[in-house]
file input-v1.pdb (PDB, C-alpha atoms and all ligand atoms)
ATOM      1  CA  MET N   6      -5.049   6.003 -20.412  1.00  0.00           C
ATOM      2  CA  GLY N   7      -6.486   5.640 -16.934  1.00  0.00           C
ATOM      3  CA  LYS N   8      -8.486   3.545 -14.545  1.00  0.00           C
ATOM      4  CA  VAL N   9     -12.163   2.601 -14.755  1.00  0.00           C
ATOM      5  CA  SER N  10     -14.482   1.794 -11.867  1.00  0.00           C
ATOM      6  CA  VAL N  11     -17.584   0.040 -13.146  1.00  0.00           C
ATOM      7  CA  SER N  12     -20.864   1.095 -11.488  1.00  0.00           C
ATOM      8  CA  LEU N  13     -23.384  -1.721 -11.127  1.00  0.00           C
ATOM      9  CA  LEU N  14     -26.271   0.760 -10.804  1.00  0.00           C
ATOM     10  CA  SER N  15     -27.391   0.316 -14.423  1.00  0.00           C
ATOM     11  CA  SER N  16     -26.797  -3.431 -14.486  1.00  0.00           C
ATOM     12  CA  ASP N  17     -29.503  -6.101 -14.386  1.00  0.00           C
ATOM     13  CA  PHE N  18     -29.663  -7.064 -10.706  1.00  0.00           C
ATOM     14  CA  ALA N  19     -31.259 -10.387 -11.633  1.00  0.00           C
ATOM     15  CA  HIS N  20     -27.884 -11.322 -13.148  1.00  0.00           C
ATOM     16  CA  LEU N  21     -25.543  -9.826 -10.575  1.00  0.00           C
ATOM     17  CA  ALA N  22     -23.106 -12.745 -10.522  1.00  0.00           C
ATOM     18  CA  ASP N  23     -22.742 -12.620 -14.320  1.00  0.00           C
ATOM     19  CA  SER N  24     -22.078  -8.864 -14.214  1.00  0.00           C
ATOM     20  CA  CYS N  25     -19.364  -9.362 -11.591  1.00  0.00           C
ATOM     21  CA  LYS N  26     -17.768 -12.179 -13.571  1.00  0.00           C
ATOM     22  CA  MET N  27     -17.822 -10.043 -16.727  1.00  0.00           C
ATOM     23  CA  ILE N  28     -16.047  -7.210 -14.882  1.00  0.00           C
ATOM     24  CA  ASN N  29     -13.522  -9.644 -13.355  1.00  0.00           C
ATOM     25  CA  GLN N  30     -12.401 -10.586 -16.849  1.00  0.00           C
ATOM     26  CA  THR N  31     -11.714  -7.001 -17.944  1.00  0.00           C
ATOM     27  CA  ASN N  32      -8.960  -4.538 -17.039  1.00  0.00           C
ATOM     28  CA  ALA N  33     -11.390  -2.513 -14.891  1.00  0.00           C
ATOM     29  CA  TRP N  34      -9.710  -1.090 -11.801  1.00  0.00           C
ATOM     30  CA  SER N  35     -12.621  -1.682  -9.420  1.00  0.00           C
ATOM     31  CA  ILE N  36     -16.352  -2.178  -8.956  1.00  0.00           C
ATOM     32  CA  HIS N  37     -18.209   0.987  -7.943  1.00  0.00           C
ATOM     33  CA  LEU N  38     -21.119   0.573  -5.501  1.00  0.00           C
ATOM     34  CA  ASP N  39     -23.625   3.447  -5.356  1.00  0.00           C
ATOM     35  CA  ILE N  40     -25.364   3.432  -1.981  1.00  0.00           C
ATOM     36  CA  MET N  41     -28.422   5.747  -1.930  1.00  0.00           C
ATOM     37  CA  ASP N  42     -30.713   6.280   1.039  1.00  0.00           C
ATOM     38  CA  GLY N  43     -33.647   8.242  -0.417  1.00  0.00           C
ATOM     39  CA  VAL N  44     -32.783  11.148   1.934  1.00  0.00           C
ATOM     40  CA  PHE N  45     -29.553  12.699   0.709  1.00  0.00           C
ATOM     41  CA  VAL N  46     -30.559  11.825  -2.848  1.00  0.00           C
ATOM     42  CA  PRO N  47     -34.067  11.284  -4.265  1.00  0.00           C
ATOM     43  CA  ASN N  48     -33.562   7.587  -4.934  1.00  0.00           C
ATOM     44  CA  ILE N  49     -32.891   4.322  -3.093  1.00  0.00           C
ATOM     45  CA  SER N  50     -30.474   1.875  -4.693  1.00  0.00           C
ATOM     46  CA  TYR N  51     -29.361  -1.082  -2.568  1.00  0.00           C
ATOM     47  CA  GLY N  52     -27.767  -1.903   0.756  1.00  0.00           C
ATOM     48  CA  PHE N  53     -25.782  -4.445   2.742  1.00  0.00           C
ATOM     49  CA  PRO N  54     -27.151  -7.743   1.319  1.00  0.00           C
ATOM     50  CA  PHE N  55     -26.387  -6.531  -2.203  1.00  0.00           C
ATOM     51  CA  ILE N  56     -22.826  -5.576  -1.233  1.00  0.00           C
ATOM     52  CA  GLU N  57     -22.390  -8.976   0.392  1.00  0.00           C
ATOM     53  CA  ALA N  58     -23.454 -10.695  -2.838  1.00  0.00           C
ATOM     54  CA  VAL N  59     -21.094  -8.570  -4.956  1.00  0.00           C
ATOM     55  CA  SER N  60     -18.270  -9.246  -2.511  1.00  0.00           C
ATOM     56  CA  ARG N  61     -18.751 -12.971  -3.032  1.00  0.00           C
ATOM     57  CA  TYR N  62     -18.302 -12.799  -6.810  1.00  0.00           C
ATOM     58  CA  SER N  63     -15.950  -9.847  -7.333  1.00  0.00           C
ATOM     59  CA  LYS N  64     -12.214 -10.306  -7.776  1.00  0.00           C
ATOM     60  CA  LYS N  65     -11.777  -6.525  -8.112  1.00  0.00           C
ATOM     61  CA  PRO N  66     -11.395  -3.977  -5.301  1.00  0.00           C
ATOM     62  CA  LEU N  67     -14.750  -2.620  -4.132  1.00  0.00           C
ATOM     63  CA  ASP N  68     -15.186   1.136  -4.290  1.00  0.00           C
ATOM     64  CA  ALA N  69     -18.288   2.335  -2.392  1.00  0.00           C
ATOM     65  CA  HIS N  70     -19.826   5.772  -3.003  1.00  0.00           C
ATOM     66  CA  LEU N  71     -22.084   6.644  -0.067  1.00  0.00           C
ATOM     67  CA  MET N  72     -24.958   8.974  -0.911  1.00  0.00           C
ATOM     68  CA  THR N  73     -26.437   8.644   2.573  1.00  0.00           C
ATOM     69  CA  VAL N  74     -26.892  10.934   5.568  1.00  0.00           C
ATOM     70  CA  ALA N  75     -24.903  10.256   8.751  1.00  0.00           C
ATOM     71  CA  PRO N  76     -22.709   7.677   7.001  1.00  0.00           C
ATOM     72  CA  SER N  77     -20.402   7.086   9.995  1.00  0.00           C
ATOM     73  CA  ARG N  78     -22.980   4.787  11.631  1.00  0.00           C
ATOM     74  CA  TYR N  79     -21.939   2.042   9.239  1.00  0.00           C
ATOM     75  CA  TYR N  80     -18.222   2.447   8.394  1.00  0.00           C
ATOM     76  CA  GLN N  81     -17.265  -0.699  10.260  1.00  0.00           C
ATOM     77  CA  ARG N  82     -20.041  -2.657   8.570  1.00  0.00           C
ATOM     78  CA  TYR N  83     -18.824  -1.609   5.115  1.00  0.00           C
ATOM     79  CA  ARG N  84     -15.302  -2.651   6.060  1.00  0.00           C
ATOM     80  CA  ASP N  85     -16.532  -6.042   7.287  1.00  0.00           C
ATOM     81  CA  LEU N  86     -18.395  -6.548   3.991  1.00  0.00           C
ATOM     82  CA  GLY N  87     -15.162  -6.152   2.058  1.00  0.00           C
ATOM     83  CA  ILE N  88     -15.234  -2.520   0.917  1.00  0.00           C
ATOM     84  CA  ASN N  89     -11.709  -1.329   0.067  1.00  0.00           C
ATOM     85  CA  TRP N  90     -12.327   2.305  -0.895  1.00  0.00           C
ATOM     86  CA  LEU N  91     -15.021   4.214   1.021  1.00  0.00           C
ATOM     87  CA  THR N  92     -16.113   7.614  -0.299  1.00  0.00           C
ATOM     88  CA  VAL N  93     -18.400   9.957   1.641  1.00  0.00           C
ATOM     89  CA  HIS N  94     -19.978  13.193   0.467  1.00  0.00           C
ATOM     90  CA  TRP N  95     -18.603  16.515   1.713  1.00  0.00           C
ATOM     91  CA  GLU N  96     -22.262  17.631   1.962  1.00  0.00           C
ATOM     92  CA  THR N  97     -23.151  14.890   4.485  1.00  0.00           C
ATOM     93  CA  CYS N  98     -20.177  15.155   6.865  1.00  0.00           C
ATOM     94  CA  PRO N  99     -19.916  18.191   9.171  1.00  0.00           C
ATOM     95  CA  HIS N 100     -16.846  16.589  10.780  1.00  0.00           C
ATOM     96  CA  LEU N 101     -15.264  15.419   7.571  1.00  0.00           C
ATOM     97  CA  ASN N 102     -11.661  15.112   8.750  1.00  0.00           C
ATOM     98  CA  ARG N 103     -12.757  12.874  11.606  1.00  0.00           C
ATOM     99  CA  ASP N 104     -14.728  10.692   9.188  1.00  0.00           C
ATOM    100  CA  LEU N 105     -11.792  10.326   6.828  1.00  0.00           C
ATOM    101  CA  GLN N 106      -9.467   9.435   9.699  1.00  0.00           C
ATOM    102  CA  GLU N 107     -11.942   6.851  10.971  1.00  0.00           C
ATOM    103  CA  ILE N 108     -12.239   5.238   7.524  1.00  0.00           C
ATOM    104  CA  ARG N 109      -8.446   4.932   7.361  1.00  0.00           C
ATOM    105  CA  ARG N 110      -8.246   3.645  10.928  1.00  0.00           C
ATOM    106  CA  LEU N 111     -10.599   0.832   9.938  1.00  0.00           C
ATOM    107  CA  GLY N 112      -8.168  -0.141   7.187  1.00  0.00           C
ATOM    108  CA  MET N 113      -9.976   1.278   4.150  1.00  0.00           C
ATOM    109  CA  LYS N 114      -8.896   3.983   1.720  1.00  0.00           C
ATOM    110  CA  SER N 115     -10.762   7.242   2.340  1.00  0.00           C
ATOM    111  CA  GLY N 116     -12.583   9.266  -0.291  1.00  0.00           C
ATOM    112  CA  ILE N 117     -14.413  12.626  -0.419  1.00  0.00           C
ATOM    113  CA  ALA N 118     -17.142  13.241  -3.020  1.00  0.00           C
ATOM    114  CA  VAL N 119     -18.398  16.698  -4.009  1.00  0.00           C
ATOM    115  CA  ASN N 120     -21.672  17.567  -5.709  1.00  0.00           C
ATOM    116  CA  PRO N 121     -21.585  19.661  -8.898  1.00  0.00           C
ATOM    117  CA  ALA N 122     -22.565  22.794  -6.921  1.00  0.00           C
ATOM    118  CA  THR N 123     -19.842  22.376  -4.283  1.00  0.00           C
ATOM    119  CA  PRO N 124     -16.607  24.200  -5.106  1.00  0.00           C
ATOM    120  CA  VAL N 125     -13.292  22.362  -4.969  1.00  0.00           C
ATOM    121  CA  SER N 126     -11.949  25.128  -2.714  1.00  0.00           C
ATOM    122  CA  HIS N 127     -14.097  23.682   0.129  1.00  0.00           C
ATOM    123  CA  LEU N 128     -11.681  20.746   0.229  1.00  0.00           C
ATOM    124  CA  GLU N 129      -8.528  22.742   1.041  1.00  0.00           C
ATOM    125  CA  GLN N 130      -8.500  21.602   4.679  1.00  0.00           C
ATOM    126  CA  ALA N 131      -9.655  18.012   4.146  1.00  0.00           C
ATOM    127  CA  VAL N 132      -7.638  16.638   1.232  1.00  0.00           C
ATOM    128  CA  HIS N 133      -4.728  15.832   3.549  1.00  0.00           C
ATOM    129  CA  TYR N 134      -6.855  12.994   4.933  1.00  0.00           C
ATOM    130  CA  ALA N 135      -8.098  11.653   1.609  1.00  0.00           C
ATOM    131  CA  ASP N 136      -6.794   8.878  -0.627  1.00  0.00           C
ATOM    132  CA  LEU N 137      -9.323   9.791  -3.310  1.00  0.00           C
ATOM    133  CA  VAL N 138     -11.444  12.803  -4.275  1.00  0.00           C
ATOM    134  CA  LEU N 139     -14.567  12.223  -6.360  1.00  0.00           C
ATOM    135  CA  ILE N 140     -15.864  15.017  -8.565  1.00  0.00           C
ATOM    136  CA  MET N 141     -19.536  14.384  -9.326  1.00  0.00           C
ATOM    137  CA  SER N 142     -20.193  15.277 -12.950  1.00  0.00           C
ATOM    138  CA  VAL N 143     -23.966  14.812 -12.567  1.00  0.00           C
ATOM    139  CA  ASN N 144     -26.230  15.537  -9.608  1.00  0.00           C
ATOM    140  CA  PRO N 145     -26.133  12.254  -7.714  1.00  0.00           C
ATOM    141  CA  GLY N 146     -29.131   9.935  -7.522  1.00  0.00           C
ATOM    142  CA  PHE N 147     -29.527   8.318 -10.915  1.00  0.00           C
ATOM    143  CA  GLY N 148     -27.524   6.551 -13.587  1.00  0.00           C
ATOM    144  CA  GLY N 149     -27.721   7.550 -17.231  1.00  0.00           C
ATOM    145  CA  GLN N 150     -27.628  11.342 -16.799  1.00  0.00           C
ATOM    146  CA  VAL N 151     -25.837  13.853 -19.027  1.00  0.00           C
ATOM    147  CA  PHE N 152     -22.267  14.944 -18.138  1.00  0.00           C
ATOM    148  CA  ILE N 153     -22.043  18.501 -16.750  1.00  0.00           C
ATOM    149  CA  PRO N 154     -19.258  20.264 -18.727  1.00  0.00           C
ATOM    150  CA  GLU N 155     -18.255  22.615 -15.867  1.00  0.00           C
ATOM    151  CA  SER N 156     -16.856  19.524 -14.133  1.00  0.00           C
ATOM    152  CA  LEU N 157     -13.765  19.728 -16.368  1.00  0.00           C
ATOM    153  CA  GLU N 158     -12.640  22.951 -14.737  1.00  0.00           C
ATOM    154  CA  LYS N 159     -13.102  21.416 -11.286  1.00  0.00           C
ATOM    155  CA  ILE N 160     -10.856  18.482 -12.213  1.00  0.00           C
ATOM    156  CA  SER N 161      -8.076  20.854 -13.309  1.00  0.00           C
ATOM    157  CA  GLU N 162      -8.493  22.924 -10.161  1.00  0.00           C
ATOM    158  CA  LEU N 163      -8.264  19.830  -7.970  1.00  0.00           C
ATOM    159  CA  LYS N 164      -5.175  18.632  -9.801  1.00  0.00           C
ATOM    160  CA  GLU N 165      -3.560  22.027  -9.209  1.00  0.00           C
ATOM    161  CA  MET N 166      -4.423  21.754  -5.489  1.00  0.00           C
ATOM    162  CA  ARG N 167      -2.844  18.308  -5.303  1.00  0.00           C
ATOM    163  CA  THR N 168       0.384  19.550  -6.885  1.00  0.00           C
ATOM    164  CA  ARG N 169       0.505  22.681  -4.739  1.00  0.00           C
ATOM    165  CA  LYS N 170       0.058  20.650  -1.551  1.00  0.00           C
ATOM    166  CA  ASP N 171       2.349  17.845  -2.734  1.00  0.00           C
ATOM    167  CA  LEU N 172      -0.328  15.200  -2.051  1.00  0.00           C
ATOM    168  CA  ASP N 173      -1.096  11.984  -3.909  1.00  0.00           C
ATOM    169  CA  PHE N 174      -4.849  11.367  -3.653  1.00  0.00           C
ATOM    170  CA  LEU N 175      -6.505   9.931  -6.764  1.00  0.00           C
ATOM    171  CA  ILE N 176      -8.985  12.026  -8.745  1.00  0.00           C
ATOM    172  CA  GLN N 177     -12.184  10.162  -9.615  1.00  0.00           C
ATOM    173  CA  VAL N 178     -14.994  11.481 -11.839  1.00  0.00           C
ATOM    174  CA  ASP N 179     -18.530  10.054 -11.784  1.00  0.00           C
ATOM    175  CA  GLY N 180     -21.561  10.623 -13.996  1.00  0.00           C
ATOM    176  CA  GLY N 181     -22.303  10.748 -17.712  1.00  0.00           C
ATOM    177  CA  ILE N 182     -18.991   9.259 -18.807  1.00  0.00           C
ATOM    178  CA  ASN N 183     -18.673   7.540 -22.177  1.00  0.00           C
ATOM    179  CA  ASP N 184     -16.175   6.842 -24.963  1.00  0.00           C
ATOM    180  CA  THR N 185     -16.657  10.377 -26.330  1.00  0.00           C
ATOM    181  CA  ASN N 186     -15.627  12.338 -23.232  1.00  0.00           C
ATOM    182  CA  ALA N 187     -13.259   9.863 -21.482  1.00  0.00           C
ATOM    183  CA  SER N 188      -9.989  10.970 -23.069  1.00  0.00           C
ATOM    184  CA  GLU N 189     -10.691  14.641 -22.369  1.00  0.00           C
ATOM    185  CA  LEU N 190     -11.342  13.786 -18.713  1.00  0.00           C
ATOM    186  CA  TYR N 191      -8.024  11.958 -18.414  1.00  0.00           C
ATOM    187  CA  LYS N 192      -6.305  14.940 -20.075  1.00  0.00           C
ATOM    188  CA  HIS N 193      -7.782  17.306 -17.498  1.00  0.00           C
ATOM    189  CA  GLY N 194      -6.384  15.184 -14.673  1.00  0.00           C
ATOM    190  CA  ALA N 195      -8.863  12.396 -13.899  1.00  0.00           C
ATOM    191  CA  ASP N 196      -7.184   9.199 -12.672  1.00  0.00           C
ATOM    192  CA  ILE N 197     -10.328   7.063 -12.372  1.00  0.00           C
ATOM    193  CA  LEU N 198     -13.550   7.273 -14.382  1.00  0.00           C
ATOM    194  CA  VAL N 199     -16.767   5.729 -13.062  1.00  0.00           C
ATOM    195  CA  ALA N 200     -18.884   4.195 -15.787  1.00  0.00           C
ATOM    196  CA  GLY N 201     -22.332   2.676 -15.464  1.00  0.00           C
ATOM    197  CA  ASN N 202     -24.763   3.389 -18.228  1.00  0.00           C
ATOM    198  CA  CYS N 203     -22.252   3.370 -21.085  1.00  0.00           C
ATOM    199  CA  VAL N 204     -21.161  -0.118 -20.012  1.00  0.00           C
ATOM    200  CA  PHE N 205     -24.470  -1.809 -19.319  1.00  0.00           C
ATOM    201  CA  GLN N 206     -26.336  -0.267 -22.279  1.00  0.00           C
ATOM    202  CA  ALA N 207     -23.632  -1.464 -24.647  1.00  0.00           C
ATOM    203  CA  GLU N 208     -24.046  -4.580 -26.744  1.00  0.00           C
ATOM    204  CA  ASP N 209     -20.639  -5.727 -25.526  1.00  0.00           C
ATOM    205  CA  PRO N 210     -20.163  -4.397 -21.956  1.00  0.00           C
ATOM    206  CA  ALA N 211     -16.610  -5.743 -21.601  1.00  0.00           C
ATOM    207  CA  ALA N 212     -15.542  -3.964 -24.795  1.00  0.00           C
ATOM    208  CA  ALA N 213     -17.230  -0.774 -23.564  1.00  0.00           C
ATOM    209  CA  ILE N 214     -15.092  -0.923 -20.406  1.00  0.00           C
ATOM    210  CA  GLU N 215     -11.846  -1.470 -22.335  1.00  0.00           C
ATOM    211  CA  ALA N 216     -12.771   1.412 -24.679  1.00  0.00           C
ATOM    212  CA  ILE N 217     -12.550   3.986 -21.893  1.00  0.00           C
ATOM    213  CA  ILE N 218      -9.484   2.684 -20.016  1.00  0.00           C
TER
HETATM  214  C1  LIG F 301     -24.970   8.638  -9.728  1.00  0.00           C
HETATM  215  C2  LIG F 301     -23.938   7.590  -9.384  1.00  0.00           C
HETATM  216  C3  LIG F 301     -23.092   7.136 -10.515  1.00  0.00           C
HETATM  217  C4  LIG F 301     -23.810   6.614 -11.671  1.00  0.00           C
HETATM  218  C5  LIG F 301     -22.903   6.650 -12.851  1.00  0.00           C
HETATM  219  O1  LIG F 301     -25.553   9.108  -8.572  1.00  0.00           O
HETATM  220  O2  LIG F 301     -23.063   8.068  -8.404  1.00  0.00           O
HETATM  221  O3  LIG F 301     -22.074   6.257 -10.077  1.00  0.00           O
HETATM  222  O4  LIG F 301     -24.304   5.321 -11.493  1.00  0.00           O
HETATM  223  O5  LIG F 301     -23.628   6.177 -13.861  1.00  0.00           O
HETATM  224  P1  LIG F 301     -23.629   6.702 -15.343  1.00  0.00           P
HETATM  225  O6  LIG F 301     -22.334   6.206 -15.935  1.00  0.00           O
HETATM  226  O7  LIG F 301     -24.829   6.007 -15.828  1.00  0.00           O
HETATM  227  O8  LIG F 301     -23.762   8.192 -15.368  1.00  0.00           O
HETATM  228 ZN    ZN F 302     -21.212   6.832  -7.942  1.00  0.00          ZN
END

call {"tool": "encode", "arguments": {"input": "input-v1.pdb", "output": "structure tokens", "more": "lines below"}}
Ligand code: DX5
Ligand code: ZN
result
Amino acid sequence: MGKVSVSLLSSDFAHLADSCKMINQTNAWSIHLDIMDGVFVPNISYGFPFIEAVSRYSKKPLDAHLMTVAPSRYYQRYRDLGINWLTVHWETCPHLNRDLQEIRRLGMKSGIAVNPATPVSHLEQAVHYADLVLIMSVNPGFGGQVFIPESLEKISELKEMRTRKDLDFLIQVDGGINDTNASELYKHGADILVAGNCVFQAEDPAAAIEAII
């Protein structure tokens, strides 16, 4: 049993309000917003006007995953648009602790994301400033990719770090999650699973969400 953050990336953007209303009626923990700039990742997703539209219809907390270079230019803007949890990539922030402190100062929860090739040990000095750590279980940029099995070990390692340091950040996992691997991910220590493709490709998206909570 755990929490699910539903990624709108694989949803039909022509029916955004309906997707938000569907999620509102489930036990999903939050709505996950994948912001891609075409620089840090080889894809462009959506930006501020999209977030504004989601904000209008969502009754769930908004969890933004920034796959953008120099993200600090817009922290305040994300806050003003109603983002509650703001996650930045370790790979994009040379002054990560400052970024995390700034996100908290603005009144949001701070998150750090790490690519599959980035070891968890790189977070030793930053986790003190994080409310959430996101382990990417695919290389970011696209929905519908296959889960990378080595991610399991990283989740366990991060959980061990949290215990050792007596911290309470949440562990989020993102990419290739479905009803086959969800329970194993929770067992390894995931608190929140991000799900996009397995929800919006399902015949009954609401049931697909409940199936992995
Ligand atoms: C990938 C994104 C994910 C993605 C998850 O770059 O960060 O949030 O949309 O989607 P699925 O569940 O399709 O792997
Ligand atoms: Zn994401």

call {"tool": "residues_near_ligand", "arguments": {"input": "input-v1.pdb", "ligand": "ligand LIG 301 (chain F)", "cutoff": "8 Å", "atoms": "all atoms listed in the file", "output": "JSON, numbers by chain"}}
result
{"N": [12, 13, 14, 15, 37, 38, 39, 41, 70, 72, 141, 143, 144, 145, 146, 147, 148, 149, 150, 151, 152, 179, 180, 181, 182, 183, 199, 200, 201, 202, 203, 204]}

call {"tool": "resolve_selection", "arguments": {"input": "input-v1.pdb", "expression": "the PyMOL selection byres (((chain N and resi 97) around 10) and not hetatm)", "output": "list in words"}}
result
Phe45, Leu71, Met72, Thr73, Val74, Ala75, Pro76, Ser77, Val93, His94, Trp95, Glu96, Cys98, Pro99, His100, Leu101, Ala118 and Val119 of chain N

call {"tool": "write_last_selection", "arguments": {"input": "input-v1.pdb", "atoms": "C-alpha atoms", "output": "tab-separated table (two decimals), in the coordinates of the input"}}
result
chain	number	residue	atom	x	y	z
N	45	PHE	CA	-29.55	12.70	0.71
N	71	LEU	CA	-22.08	6.64	-0.07
N	72	MET	CA	-24.96	8.97	-0.91
N	73	THR	CA	-26.44	8.64	2.57
N	74	VAL	CA	-26.89	10.93	5.57
N	75	ALA	CA	-24.90	10.26	8.75
N	76	PRO	CA	-22.71	7.68	7.00
N	77	SER	CA	-20.40	7.09	9.99
N	93	VAL	CA	-18.40	9.96	1.64
N	94	HIS	CA	-19.98	13.19	0.47
N	95	TRP	CA	-18.60	16.52	1.71
N	96	GLU	CA	-22.26	17.63	1.96
N	98	CYS	CA	-20.18	15.16	6.86
N	99	PRO	CA	-19.92	18.19	9.17
N	100	HIS	CA	-16.85	16.59	10.78
N	101	LEU	CA	-15.26	15.42	7.57
N	118	ALA	CA	-17.14	13.24	-3.02
N	119	VAL	CA	-18.40	16.70	-4.01

call {"tool": "residues_around", "arguments": {"input": "input-v1.pdb", "residues": "Ile160 in chain N", "least_positions_apart": "2", "cutoff": "12 Å", "atoms": "all atoms listed in the file", "output": "PyMOL selection string"}}
result
chain N and resi 119+121+124-126+138-142+154-158+162-167+175-179+189-198

call {"tool": "write_last_selection", "arguments": {"input": "input-v1.pdb", "atoms": "C-alpha atoms", "output": "CSV table (one decimal), keeping the file's coordinate frame"}}
result
chain,number,residue,atom,x,y,z
N,119,VAL,CA,-18.4,16.7,-4.0
N,121,PRO,CA,-21.6,19.7,-8.9
N,124,PRO,CA,-16.6,24.2,-5.1
N,125,VAL,CA,-13.3,22.4,-5.0
N,126,SER,CA,-11.9,25.1,-2.7
N,138,VAL,CA,-11.4,12.8,-4.3
N,139,LEU,CA,-14.6,12.2,-6.4
N,140,ILE,CA,-15.9,15.0,-8.6
N,141,MET,CA,-19.5,14.4,-9.3
N,142,SER,CA,-20.2,15.3,-13.0
N,154,PRO,CA,-19.3,20.3,-18.7
N,155,GLU,CA,-18.3,22.6,-15.9
N,156,SER,CA,-16.9,19.5,-14.1
N,157,LEU,CA,-13.8,19.7,-16.4
N,158,GLU,CA,-12.6,23.0,-14.7
N,162,GLU,CA,-8.5,22.9,-10.2
N,163,LEU,CA,-8.3,19.8,-8.0
N,164,LYS,CA,-5.2,18.6,-9.8
N,165,GLU,CA,-3.6,22.0,-9.2
N,166,MET,CA,-4.4,21.8,-5.5
N,167,ARG,CA,-2.8,18.3,-5.3
N,175,LEU,CA,-6.5,9.9,-6.8
N,176,ILE,CA,-9.0,12.0,-8.7
N,177,GLN,CA,-12.2,10.2,-9.6
N,178,VAL,CA,-15.0,11.5,-11.8
N,179,ASP,CA,-18.5,10.1,-11.8
N,189,GLU,CA,-10.7,14.6,-22.4
N,190,LEU,CA,-11.3,13.8,-18.7
N,191,TYR,CA,-8.0,12.0,-18.4
N,192,LYS,CA,-6.3,14.9,-20.1
N,193,HIS,CA,-7.8,17.3,-17.5
N,194,GLY,CA,-6.4,15.2,-14.7
N,195,ALA,CA,-8.9,12.4,-13.9
N,196,ASP,CA,-7.2,9.2,-12.7
N,197,ILE,CA,-10.3,7.1,-12.4
N,198,LEU,CA,-13.6,7.3,-14.4

call {"tool": "atom_distance", "arguments": {"input": "input-v1.pdb", "atom1": "CA of Val44 in chain N", "atom2": "CA of His20 in chain N"}}
result
27.5 Å

call {"tool": "residues_near_point", "arguments": {"input": "input-v1.pdb", "point": "(-6.7, 17.2, -1.4)", "cutoff": "9 Å", "atoms": "only C-alpha atoms", "output": "list in words"}}
result
Leu128, Glu129, Gln130, Ala131, Val132, His133, Tyr134, Ala135, Asp136, Leu137, Val138, Leu163, Lys164, Met166, Arg167, Lys170, Leu172, Asp173 and Phe174 of chain N

call {"tool": "write_last_selection", "arguments": {"input": "input-v1.pdb", "atoms": "C-alpha atoms", "output": "PDB file, keeping the file's coordinate frame"}}
result
ATOM      1  CA  LEU N 128     -11.681  20.746   0.229  1.00  0.00           C
ATOM      2  CA  GLU N 129      -8.528  22.742   1.041  1.00  0.00           C
ATOM      3  CA  GLN N 130      -8.500  21.602   4.679  1.00  0.00           C
ATOM      4  CA  ALA N 131      -9.655  18.012   4.146  1.00  0.00           C
ATOM      5  CA  VAL N 132      -7.638  16.638   1.232  1.00  0.00           C
ATOM      6  CA  HIS N 133      -4.728  15.832   3.549  1.00  0.00           C
ATOM      7  CA  TYR N 134      -6.855  12.994   4.933  1.00  0.00           C
ATOM      8  CA  ALA N 135      -8.098  11.653   1.609  1.00  0.00           C
ATOM      9  CA  ASP N 136      -6.794   8.878  -0.627  1.00  0.00           C
ATOM     10  CA  LEU N 137      -9.323   9.791  -3.310  1.00  0.00           C
ATOM     11  CA  VAL N 138     -11.444  12.803  -4.275  1.00  0.00           C
ATOM     12  CA  LEU N 163      -8.264  19.830  -7.970  1.00  0.00           C
ATOM     13  CA  LYS N 164      -5.175  18.632  -9.801  1.00  0.00           C
ATOM     14  CA  MET N 166      -4.423  21.754  -5.489  1.00  0.00           C
ATOM     15  CA  ARG N 167      -2.844  18.308  -5.303  1.00  0.00           C
ATOM     16  CA  LYS N 170       0.058  20.650  -1.551  1.00  0.00           C
ATOM     17  CA  LEU N 172      -0.328  15.200  -2.051  1.00  0.00           C
ATOM     18  CA  ASP N 173      -1.096  11.984  -3.909  1.00  0.00           C
ATOM     19  CA  PHE N 174      -4.849  11.367  -3.653  1.00  0.00           C
TER      20      PHE N 174
END

call {"tool": "atom_distance", "arguments": {"input": "input-v1.pdb", "atom1": "CA of Lys26 in chain N", "atom2": "CA of Ile56 in chain N"}}
result
14.9 Å

call {"tool": "resolve_selection", "arguments": {"input": "input-v1.pdb", "expression": "the PyMOL selection byres (((chain N and resi 217) around 6) and not hetatm)", "output": "NGL selection string"}}
result
:N and (184 or 187 or 214-216 or 218)

call {"tool": "closest_residue", "arguments": {"input": "input-v1.pdb", "among": "N:Asp104, N:Tyr80, N:Ser10, N:Trp34", "to": "ligand ZN 302 (chain F)", "atoms": "all atoms listed in the file"}}
result
N:Ser10

call {"tool": "atom_distance", "arguments": {"input": "input-v1.pdb", "atom1": "CA of Gly7 in chain N", "atom2": "CA of Thr31 in chain N"}}
result
13.7 Å

call {"tool": "residues_near_point", "arguments": {"input": "input-v1.pdb", "point": "(-15.2, -3.7, -2.4)", "cutoff": "7 Å", "atoms": "only C-alpha atoms", "output": "compact mmCIF listing (two decimals) with C-alpha atoms, in the frame of the given file"}}
result
# COMPACT_ATOMS: atom_id res chain seq x y z
CA ILE N 36 -16.35 -2.18 -8.96
CA SER N 60 -18.27 -9.25 -2.51
CA PRO N 66 -11.40 -3.98 -5.30
CA LEU N 67 -14.75 -2.62 -4.13
CA ASP N 68 -15.19 1.14 -4.29
CA ALA N 69 -18.29 2.34 -2.39
CA GLY N 87 -15.16 -6.15 2.06
CA ILE N 88 -15.23 -2.52 0.92
CA ASN N 89 -11.71 -1.33 0.07
CA TRP N 90 -12.33 2.31 -0.90
